[in-house]
Structures are given as structure tokens and as C-alpha cells.
$ cat structure.txt   # compact mmCIF, C-alpha atoms and all ligand atoms
# COMPACT_ATOMS: atom_id res chain seq x y z
CA MET C 1361 170.92 30.55 101.96
CA THR C 1362 173.93 28.97 100.24
CA SER C 1363 173.10 27.54 96.84
CA TYR C 1364 174.49 24.12 96.05
CA TYR C 1365 173.50 24.19 92.38
CA ARG C 1366 177.04 23.63 91.10
CA GLU C 1367 177.50 20.64 93.41
CA LEU C 1368 174.10 19.26 92.37
CA LEU C 1369 174.95 19.43 88.66
CA ALA C 1370 178.38 17.90 89.26
CA ALA C 1371 176.96 15.04 91.35
CA GLU C 1372 174.28 14.34 88.72
CA ALA C 1373 176.89 14.14 85.95
CA ILE C 1374 179.17 11.93 88.08
CA ALA C 1375 176.31 9.56 89.00
CA ARG C 1376 175.43 9.16 85.32
CA ARG C 1377 179.07 8.41 84.43
CA ALA C 1378 179.23 5.91 87.27
CA GLY C 1379 176.02 4.26 86.04
CA LYS C 1380 177.45 3.86 82.51
CA HIS C 1381 180.59 2.36 84.01
CA ILE C 1382 178.52 -0.17 86.02
CA LEU C 1383 176.55 -1.35 82.97
CA ARG C 1384 179.70 -1.63 80.84
CA GLU C 1385 181.52 -3.63 83.52
CA ARG C 1386 178.46 -5.84 84.09
CA ASP C 1387 178.71 -6.95 80.48
CA LEU C 1388 182.40 -7.81 80.88
CA GLN C 1389 183.03 -9.69 84.11
CA VAL C 1390 181.49 -9.49 87.55
CA ARG C 1391 183.46 -11.17 90.33
CA VAL C 1392 181.52 -11.61 93.55
CA SER C 1393 183.06 -12.00 96.99
CA LEU C 1394 181.72 -12.04 100.55
CA LYS C 1395 182.20 -9.30 103.16
CA GLY C 1396 179.99 -11.25 105.61
CA PRO C 1397 177.72 -14.33 105.42
CA ARG C 1398 174.98 -12.44 103.52
CA ASP C 1399 176.93 -9.33 102.55
CA LEU C 1400 178.24 -9.34 98.97
CA VAL C 1401 180.69 -7.10 97.16
CA THR C 1402 181.88 -7.18 93.56
CA ASN C 1403 184.84 -5.83 91.61
CA VAL C 1404 182.36 -3.38 90.05
CA ASP C 1405 181.37 -1.88 93.44
CA ARG C 1406 185.07 -1.19 94.01
CA SER C 1407 185.96 0.19 90.58
CA THR C 1408 182.85 2.39 90.59
CA GLU C 1409 183.75 3.90 93.95
CA VAL C 1410 187.28 4.62 92.69
CA LEU C 1411 185.82 6.37 89.64
CA ILE C 1412 183.37 8.48 91.68
CA LYS C 1413 186.08 9.46 94.16
CA GLU C 1414 188.43 10.56 91.38
CA LEU C 1415 185.74 12.69 89.73
CA LEU C 1416 184.63 14.27 93.02
CA SER C 1417 188.22 14.98 94.12
CA ASP C 1418 188.97 16.66 90.78
CA ALA C 1419 185.90 18.90 91.10
CA PHE C 1420 186.03 19.57 94.87
CA PRO C 1421 189.59 18.91 96.09
CA ASP C 1422 189.03 20.24 99.64
CA ASP C 1423 186.04 18.04 100.47
CA GLY C 1424 186.10 14.87 102.55
CA ILE C 1425 184.70 11.60 101.16
CA LEU C 1426 183.15 8.58 102.87
CA GLY C 1427 182.56 5.61 100.58
CA GLU C 1428 181.18 2.19 101.43
CA GLU C 1429 184.11 0.22 100.01
CA TYR C 1430 187.16 2.40 100.80
CA GLY C 1431 186.12 4.24 103.95
CA ASN C 1432 186.81 7.79 104.96
CA GLU C 1433 189.17 10.46 103.60
CA ASP C 1434 189.15 13.67 105.60
CA GLY C 1435 188.80 16.99 103.83
CA HIS C 1436 189.83 20.48 104.90
CA GLY C 1437 186.43 21.82 105.96
CA GLN C 1438 182.95 20.84 107.05
CA ARG C 1439 181.94 19.24 103.74
CA ARG C 1440 181.84 15.49 103.16
CA TRP C 1441 180.57 13.41 100.25
CA LEU C 1442 178.84 10.08 100.97
CA ILE C 1443 179.13 7.47 98.22
CA ASP C 1444 177.35 4.18 97.73
CA PRO C 1445 178.77 3.07 94.37
CA ILE C 1446 176.16 0.31 93.98
CA ASP C 1447 173.21 0.25 96.35
CA GLY C 1448 171.55 -3.10 95.75
CA THR C 1449 174.73 -5.15 95.32
CA GLN C 1450 172.92 -8.41 95.96
CA ASN C 1451 170.52 -7.64 93.11
CA PHE C 1452 173.44 -6.60 90.90
CA ALA C 1453 175.35 -9.81 91.66
CA HIS C 1454 172.27 -11.89 90.78
CA ASP C 1455 171.62 -9.88 87.60
CA VAL C 1456 168.38 -8.42 89.00
CA PRO C 1457 168.10 -4.91 87.49
CA LEU C 1458 167.29 -3.09 90.76
CA PHE C 1459 170.33 -1.15 91.91
CA CYS C 1460 171.59 2.41 91.80
CA VAL C 1461 174.38 4.87 92.48
CA SER C 1462 173.88 7.11 95.51
CA ILE C 1463 175.88 10.30 96.11
CA ALA C 1464 175.24 12.93 98.79
CA LEU C 1465 177.03 16.05 99.95
CA GLN C 1466 176.80 16.79 103.65
CA VAL C 1467 177.73 20.03 105.39
CA GLN C 1468 178.25 19.63 109.14
CA GLY C 1469 176.41 16.32 109.06
CA THR C 1470 173.32 17.46 107.14
CA SER C 1471 172.70 16.52 103.51
CA VAL C 1472 172.52 19.50 101.16
CA VAL C 1473 172.76 17.60 97.84
CA GLY C 1474 171.48 14.11 97.04
CA VAL C 1475 171.56 12.15 93.78
CA ILE C 1476 170.29 8.63 93.11
CA TYR C 1477 170.79 7.20 89.62
CA ASP C 1478 169.23 3.96 88.37
CA PRO C 1479 171.26 3.04 85.26
CA CYS C 1480 168.92 0.19 84.22
CA ARG C 1481 165.94 2.53 83.83
CA ASP C 1482 168.03 5.64 83.17
CA GLU C 1483 166.17 7.43 85.99
CA LEU C 1484 167.85 10.14 87.99
CA PHE C 1485 166.37 11.42 91.26
CA SER C 1486 168.01 14.42 92.87
CA ALA C 1487 167.60 17.28 95.32
CA ALA C 1488 169.46 20.16 96.86
CA THR C 1489 168.46 22.15 99.92
CA GLY C 1490 166.17 24.97 98.91
CA ILE C 1491 166.04 23.85 95.26
CA GLY C 1492 163.52 21.02 95.72
CA ALA C 1493 163.54 17.47 94.40
CA ARG C 1494 163.30 16.41 90.80
CA GLN C 1495 163.40 13.38 88.56
CA ASP C 1496 165.19 14.01 85.29
CA GLY C 1497 164.36 17.71 85.58
CA LYS C 1498 160.68 17.33 86.59
CA PRO C 1499 159.59 18.30 90.15
CA LEU C 1500 158.99 15.37 92.47
CA SER C 1501 156.36 15.10 95.15
CA THR C 1502 155.38 12.39 97.60
CA SER C 1503 152.05 10.58 97.34
CA SER C 1504 148.69 11.82 98.64
CA CYS C 1505 147.68 8.51 100.27
CA ALA C 1506 146.29 9.22 103.74
CA ASP C 1507 144.77 5.83 104.50
CA LEU C 1508 147.00 2.95 105.53
CA SER C 1509 144.61 0.42 104.02
CA GLU C 1510 145.36 1.94 100.58
CA SER C 1511 149.12 2.22 101.06
CA LEU C 1512 151.99 0.47 99.30
CA LEU C 1513 154.99 0.27 101.62
CA VAL C 1514 158.57 -0.89 101.29
CA THR C 1515 161.16 -2.18 103.76
CA GLY C 1516 164.45 -4.02 103.97
CA PHE C 1517 165.88 -6.59 106.37
CA PRO C 1518 169.20 -6.17 108.18
CA THR C 1519 171.98 -8.38 106.79
CA ARG C 1520 172.67 -9.79 110.26
CA GLN C 1521 169.90 -11.85 111.85
CA ASP C 1522 169.90 -9.76 115.02
CA GLN C 1523 167.18 -8.20 117.18
CA ALA C 1524 166.35 -5.60 114.51
CA PHE C 1525 165.83 -8.45 112.04
CA GLU C 1526 163.26 -10.08 114.35
CA ILE C 1527 161.52 -6.73 114.96
CA THR C 1528 161.33 -6.11 111.20
CA LEU C 1529 159.72 -9.52 110.69
CA ARG C 1530 157.07 -8.69 113.32
CA GLN C 1531 156.46 -5.28 111.76
CA PHE C 1532 156.23 -6.84 108.30
CA ASP C 1533 153.62 -9.29 109.58
CA ARG C 1534 151.60 -6.51 111.19
CA LEU C 1535 151.78 -3.97 108.37
CA THR C 1536 151.24 -6.46 105.58
CA ARG C 1537 147.81 -7.14 107.11
CA ARG C 1538 147.02 -3.41 107.31
CA GLY C 1539 148.20 -1.97 103.99
CA ARG C 1540 147.68 -2.86 100.33
CA GLY C 1541 151.10 -4.46 100.13
CA ILE C 1542 154.75 -4.34 101.10
CA ARG C 1543 157.69 -4.49 98.71
CA ARG C 1544 161.27 -5.53 99.42
CA LEU C 1545 163.31 -4.10 96.54
CA GLY C 1546 166.81 -4.65 97.96
CA SER C 1547 168.06 -1.11 97.48
CA ALA C 1548 167.43 1.35 100.31
CA ALA C 1549 168.36 4.32 98.11
CA LEU C 1550 165.83 3.31 95.44
CA ASP C 1551 163.24 2.71 98.19
CA LEU C 1552 163.71 6.33 99.27
CA ALA C 1553 163.69 7.63 95.69
CA TYR C 1554 160.39 5.82 95.06
CA VAL C 1555 158.85 7.35 98.20
CA ALA C 1556 159.99 10.79 96.97
CA ALA C 1557 158.44 10.06 93.57
CA GLY C 1558 155.10 9.04 95.13
CA ARG C 1559 155.38 5.50 93.73
CA LEU C 1560 155.51 4.08 97.26
CA ASP C 1561 153.94 5.69 100.31
CA ALA C 1562 156.54 4.92 102.98
CA PHE C 1563 159.79 3.07 103.70
CA TRP C 1564 161.30 1.85 106.96
CA GLU C 1565 164.45 -0.07 107.80
CA TYR C 1566 166.96 -0.64 110.64
CA GLY C 1567 170.74 -0.67 110.59
CA LEU C 1568 171.48 1.28 107.43
CA ASN C 1569 174.70 3.21 106.89
CA PRO C 1570 175.26 6.89 106.03
CA TRP C 1571 175.96 6.08 102.36
CA ASP C 1572 172.61 4.22 102.05
CA THR C 1573 170.42 7.11 103.23
CA GLY C 1574 172.47 10.32 102.77
CA ALA C 1575 171.00 11.19 99.36
CA GLY C 1576 167.57 9.60 99.73
CA TYR C 1577 166.45 11.25 102.95
CA LEU C 1578 167.09 14.70 101.46
CA ILE C 1579 165.24 13.82 98.25
CA VAL C 1580 162.20 12.63 100.25
CA THR C 1581 162.22 15.74 102.45
CA GLU C 1582 162.57 18.09 99.48
CA ALA C 1583 159.73 16.23 97.74
CA GLY C 1584 157.44 17.12 100.67
CA GLY C 1585 157.79 13.93 102.72
CA VAL C 1586 158.76 13.39 106.34
CA VAL C 1587 161.79 11.46 107.57
CA THR C 1588 162.42 10.43 111.20
CA ASP C 1589 163.73 7.31 112.89
CA VAL C 1590 161.14 4.64 113.78
CA THR C 1591 160.64 6.14 117.26
CA GLY C 1592 159.75 9.52 115.75
CA SER C 1593 163.04 11.23 116.69
CA PRO C 1594 164.73 13.48 114.12
CA PHE C 1595 166.66 11.54 111.49
CA SER C 1596 170.38 11.78 110.80
CA VAL C 1597 172.47 9.41 108.67
CA ASP C 1598 173.82 7.94 111.92
CA SER C 1599 170.33 7.07 113.23
CA PRO C 1600 169.79 3.36 113.97
CA SER C 1601 166.60 3.29 111.88
CA ILE C 1602 164.65 5.28 109.31
CA LEU C 1603 161.00 5.92 108.55
CA ALA C 1604 160.40 7.99 105.42
CA SER C 1605 156.83 8.68 104.38
CA ASN C 1606 154.58 11.05 102.52
CA GLY C 1607 153.87 12.70 105.90
CA LEU C 1608 150.16 11.83 105.88
CA LEU C 1609 150.78 8.25 107.07
CA HIS C 1610 153.65 9.06 109.39
CA SER C 1611 151.97 9.02 112.79
CA ASP C 1612 149.89 5.89 112.05
CA LEU C 1613 153.05 4.13 110.91
CA LEU C 1614 155.02 5.24 113.97
CA ASP C 1615 152.29 3.80 116.22
CA LEU C 1616 152.32 0.46 114.41
CA LEU C 1617 156.10 0.21 114.18
CA ARG C 1618 156.59 1.10 117.85
CA SER C 1619 154.00 -1.39 118.99
CA SER C 1620 155.86 -4.24 117.25
CA HIS C 1621 158.99 -3.70 119.38
C1 LIG R 1701 171.98 -2.69 101.02
C2 LIG R 1701 170.66 -2.32 100.36
C3 LIG R 1701 169.51 -3.11 100.96
C4 LIG R 1701 169.45 -2.95 102.45
C5 LIG R 1701 170.77 -3.31 103.08
C6 LIG R 1701 171.90 -2.45 102.48
P1 LIG R 1701 174.20 -2.54 99.53
O1 LIG R 1701 173.05 -1.92 100.50
O2 LIG R 1701 170.39 -0.95 100.52
O3 LIG R 1701 168.28 -2.71 100.44
O4 LIG R 1701 168.43 -3.78 102.95
O5 LIG R 1701 170.69 -3.08 104.47
O6 LIG R 1701 173.13 -2.79 103.08
O7 LIG R 1701 174.99 -3.50 100.35
O8 LIG R 1701 173.53 -3.19 98.39
O9 LIG R 1701 174.98 -1.32 99.15
CA CA R 1702 173.90 0.36 100.31
CA CA R 1703 176.82 -0.70 98.19

$ encode --input "structure.txt" --output "C-alpha cells"
Amino acid sequence: MTSYYRELLAAEAIARRAGKHILRERDLQVRVSLKGPRDLVTNVDRSTEVLIKELLSDAFPDDGILGEEYGNEDGHGQRRWLIDPIDGTQNFAHDVPLFCVSIALQVQGTSVVGVIYDPCRDELFSAATGIGARQDGKPLSTSSCADLSESLLVTGFPTRQDQAFEITLRQFDRLTRRGRGIRRLGSAALDLAYVAAGRLDAFWEYGLNPWDTGAGYLIVTEAGGVVTDVTGSPFSVDSPSILASNGLLHSDLLDLLRSSH
């Protein structure tokens, strides 16, 4: 099996540098603009993506890159980096300290390296295929909760108030009566990192993009969890939905989520 240790270390170092950049810029000036009615972007999202792209291109000049703010740049092979410079932009713009940098390396559409860095807590979650998942060097594993009534779940709502938005509201209603609680953190990448760390038992959401989930789904899987879409089909970053859990709650959650459609 190919080892992606060099790429993992490089992505970890780049995510930390990006995190420092975000905090420094936050203390200078944050200019917020709208991409859509409820979809924010800031000058810091943009400058952070530029920084990450420069550092990745220096280290891996042949690789392609897909970033949220500047789109796709083809590479020369089957490798592509996915970048979300700030996941949780709405929190960042409102000065809520719940956001992160997410960087993944995909080979032929499958993540082989994933790094999520929360600069506010200085927490780094990462994984590479075959190497396992870790948080700041310590192995990560998903929770052991097997009973939905004891679970703490997390979700997010699509930015557009479409059909998936209505379905999520119904699912929220249903699951909030069944579990111990549901959180809405506002950062899909941190949601996934927290499932990998066993802090939360499962996460589901519709309509995410490859840069939101590329790192997190690998970290959850390598931490022993299970990731599918909400119908139970295999997950890819192009899937229309995601359900990531500790595995033990997966089939109960699939039943409940499906029945709210
Ligand atoms: C958003 C966050 C949020 C999720 C949205 C995403 P952004 O990403 O992950 O939790 O609910 O669907 O778009 O815009 O902050 O990078
Ligand atoms: Ca995002
Ligand atoms: Ca973003």
C-alpha cells in the first residue's frame, strides 16, 4: 500500500500556517460579502486559500487543486487536493470561534489524506489511509454509544431553503425527540472531526461540497466510524448527503432519516 506520510505531514504543517494566518487577519480587518442570500465570504477566506494553494503547489507541483473560493486547477496525474480555507465562515464573520481549515488529498476520487485544524483551540485532527486517525499525535476513535437515547448528534442546514432544508427540519424534529440532544455547530468539517474524536456520536447533512467533507470523512473512517449517504449508499465527496457515525448507531439512524423523507 502506498504511504502518504509525507503528504500528511505537509498538509498538517500547511493547515497550521493557514490557521495562524486566519487569526492574524481576524485581528486586522475582516470584510464580509455575500455569495448568496445566506452564503457569506470574507477577504480572509480568499487570502487563506491563496496561501494554502501556494504552499501546496510548492510542495507538490504536479497535483491538481480544488478550492472553495478559486475553483479547480488541473494537475498532471490522478491526485487532487481539496481545500476549504475556512469551514464555518458564518461563525468566523460573526466572531464565533467555531471554524477550521480543511485540507484533503484525493487519489482517483478517494481521500487518502485529511487534515482539519481548529486555530481557536489549536486542535489538529488528521488521518491518512492505512496510518489511522489522530488528534495532535494521539490516536482517535469514535464513541462507543450504541443507544440512540444516549446519543449526542450534530447536523447542518442547507444554505438554500429547498427540499433538503425541509427534510432536515423534519429529521431534526424526529431525532431531537429520540436522542440526548442535537448540536448545530456551523462547520461540517468540525462536525466530522468531533465524530471521529468520539465527542459526538453522529453527523448528517445534505448538499455539502467536496471541500467540506473530503478530509472529515476519511478521519471518521480511519477512527473506526462508518460514513455513507443518508440512504445507506457508499459515500463519495460528490454524494448529495452524508451520514457519519460511530458505526453502532448507523442502521438506527438510517431508518429514522429515511422515514422522514
Ligand atoms: C458551511 C459549513 C456549514 C454547513 C454549510 C457549509 P462554509 O461551509 O460547513 O456547517 O452547514 O452547508 O457550506 O461556507 O462555512 O465553508
Ligand atoms: Ca465549508
Ligand atoms: Ca469555506

$ residues_near_ligand --input "structure.txt" --ligand "ligand LIG 1701 (chain R)" --cutoff "9 Å" --atoms "all atoms listed in the file" --output "ChimeraX atom specification"
/C:1399-1401,1405,1428,1444-1452,1459-1460,1515-1519,1544-1551,1565-1569,1571-1573

$ closest_residue --input "structure.txt" --among "C:Pro1457, C:Gly1427, C:Gly1396, C:Gly1539" --to "ligand CA 1703 (chain R)" --atoms "only C-alpha atoms and all ligand atoms"
C:Gly1427

$ closest_residue --input "structure.txt" --among "C:Ser1407, C:Gln1438, C:Ser1509, C:Thr1588" --to "Arg1537 of chain C" --atoms "all atoms listed in the file"
C:Ser1509

$ residues_near_point --input "structure.txt" --point "(163.6, 4.2, 112.8)" --cutoff "6 Å" --atoms "all atoms listed in the file" --output "NGL selection string"
:C and (1589-1591 or 1601-1603)

$ residues_around --input "structure.txt" --residues "segment 1410-1424 of chain C" --least-positions-apart "6" --cutoff "9 Å" --atoms "all atoms listed in the file" --output "list in words"
Glu1367, Ala1370, Ala1371, Ile1374, Ala1375, Arg1377, Ala1378, His1381, Tyr1430, Asn1432, Glu1433, Asp1434, Gly1435, His1436, Gly1437, Gln1438, Arg1439, Arg1440, Trp1441, Leu1442, Ile1443, Pro1445 and Ile1463 of chain C

$ residues_around --input "structure.txt" --residues "Tyr1477 of chain C" --least-positions-apart "4" --cutoff "6 Å" --atoms "all atoms listed in the file" --output "PyMOL selection string"
chain C and resi 1460-1461+1483-1484

$ atom_distance --input "structure.txt" --atom1 "atom CA of Asp1455 of chain C" --atom2 "atom CA of Val1390 of chain C"
9.9 Å

$ atom_distance --input "structure.txt" --atom1 "atom CA of Glu1372 of chain C" --atom2 "atom CA of Gln1495 of chain C"
10.9 Å

$ residues_around --input "structure.txt" --residues "Glu1582 of chain C" --least-positions-apart "3" --cutoff "12 Å" --atoms "only C-alpha atoms" --output "MDAnalysis selection string"
chainID C and resid 1471:1474 1485:1495 1499:1502 1552:1553 1555:1557 1575:1579 1585:1587 1604 1606

$ residues_near_point --input "structure.txt" --point "(176.6, 10.7, 108.2)" --cutoff "7 Å" --atoms "only C-alpha atoms" --output "list of chain:residue names"
C:Gly1469, C:Pro1570, C:Gly1574, C:Ser1596, C:Val1597, C:Asp1598

$ atom_distance --input "structure.txt" --atom1 "atom CA of Arg1530 of chain C" --atom2 "atom CA of ligand CA 1703 (chain R)"
26.1 Å

$ closest_residue --input "structure.txt" --among "C:Arg1376, C:Arg1534, C:Arg1543, C:Arg1406" --to "ligand CA 1703 (chain R)" --atoms "only C-alpha atoms and all ligand atoms"
C:Arg1406

$ residues_around --input "structure.txt" --residues "segment 1504-1506 of chain C" --least-positions-apart "4" --cutoff "7 Å" --atoms "all atoms listed in the file" --output "list in words"
Glu1510, Ser1511, Asp1561, Leu1608 and Leu1609 of chain C

$ axis_aligned_box --input "structure.txt" --around "segment 1432-1436 of chain C" --padding-each-side "3 Å" --output "AutoDock Vina command-line options"
--center_x 188.3 --center_y 14.1 --center_z 104.6 --size_x 9.0 --size_y 18.7 --size_z 8.0

$ closest_residue --input "structure.txt" --among "C:Asp1533, C:Gly1541, C:Asp1507, C:Ser1393" --to "Ser1611 of chain C" --atoms "only C-alpha atoms"
C:Asp1507

$ closest_residue --input "structure.txt" --among "C:Thr1581, C:Ser1363, C:Asn1403, C:Gln1389" --to "ligand CA 1703 (chain R)" --atoms "all atoms listed in the file"
C:Asn1403
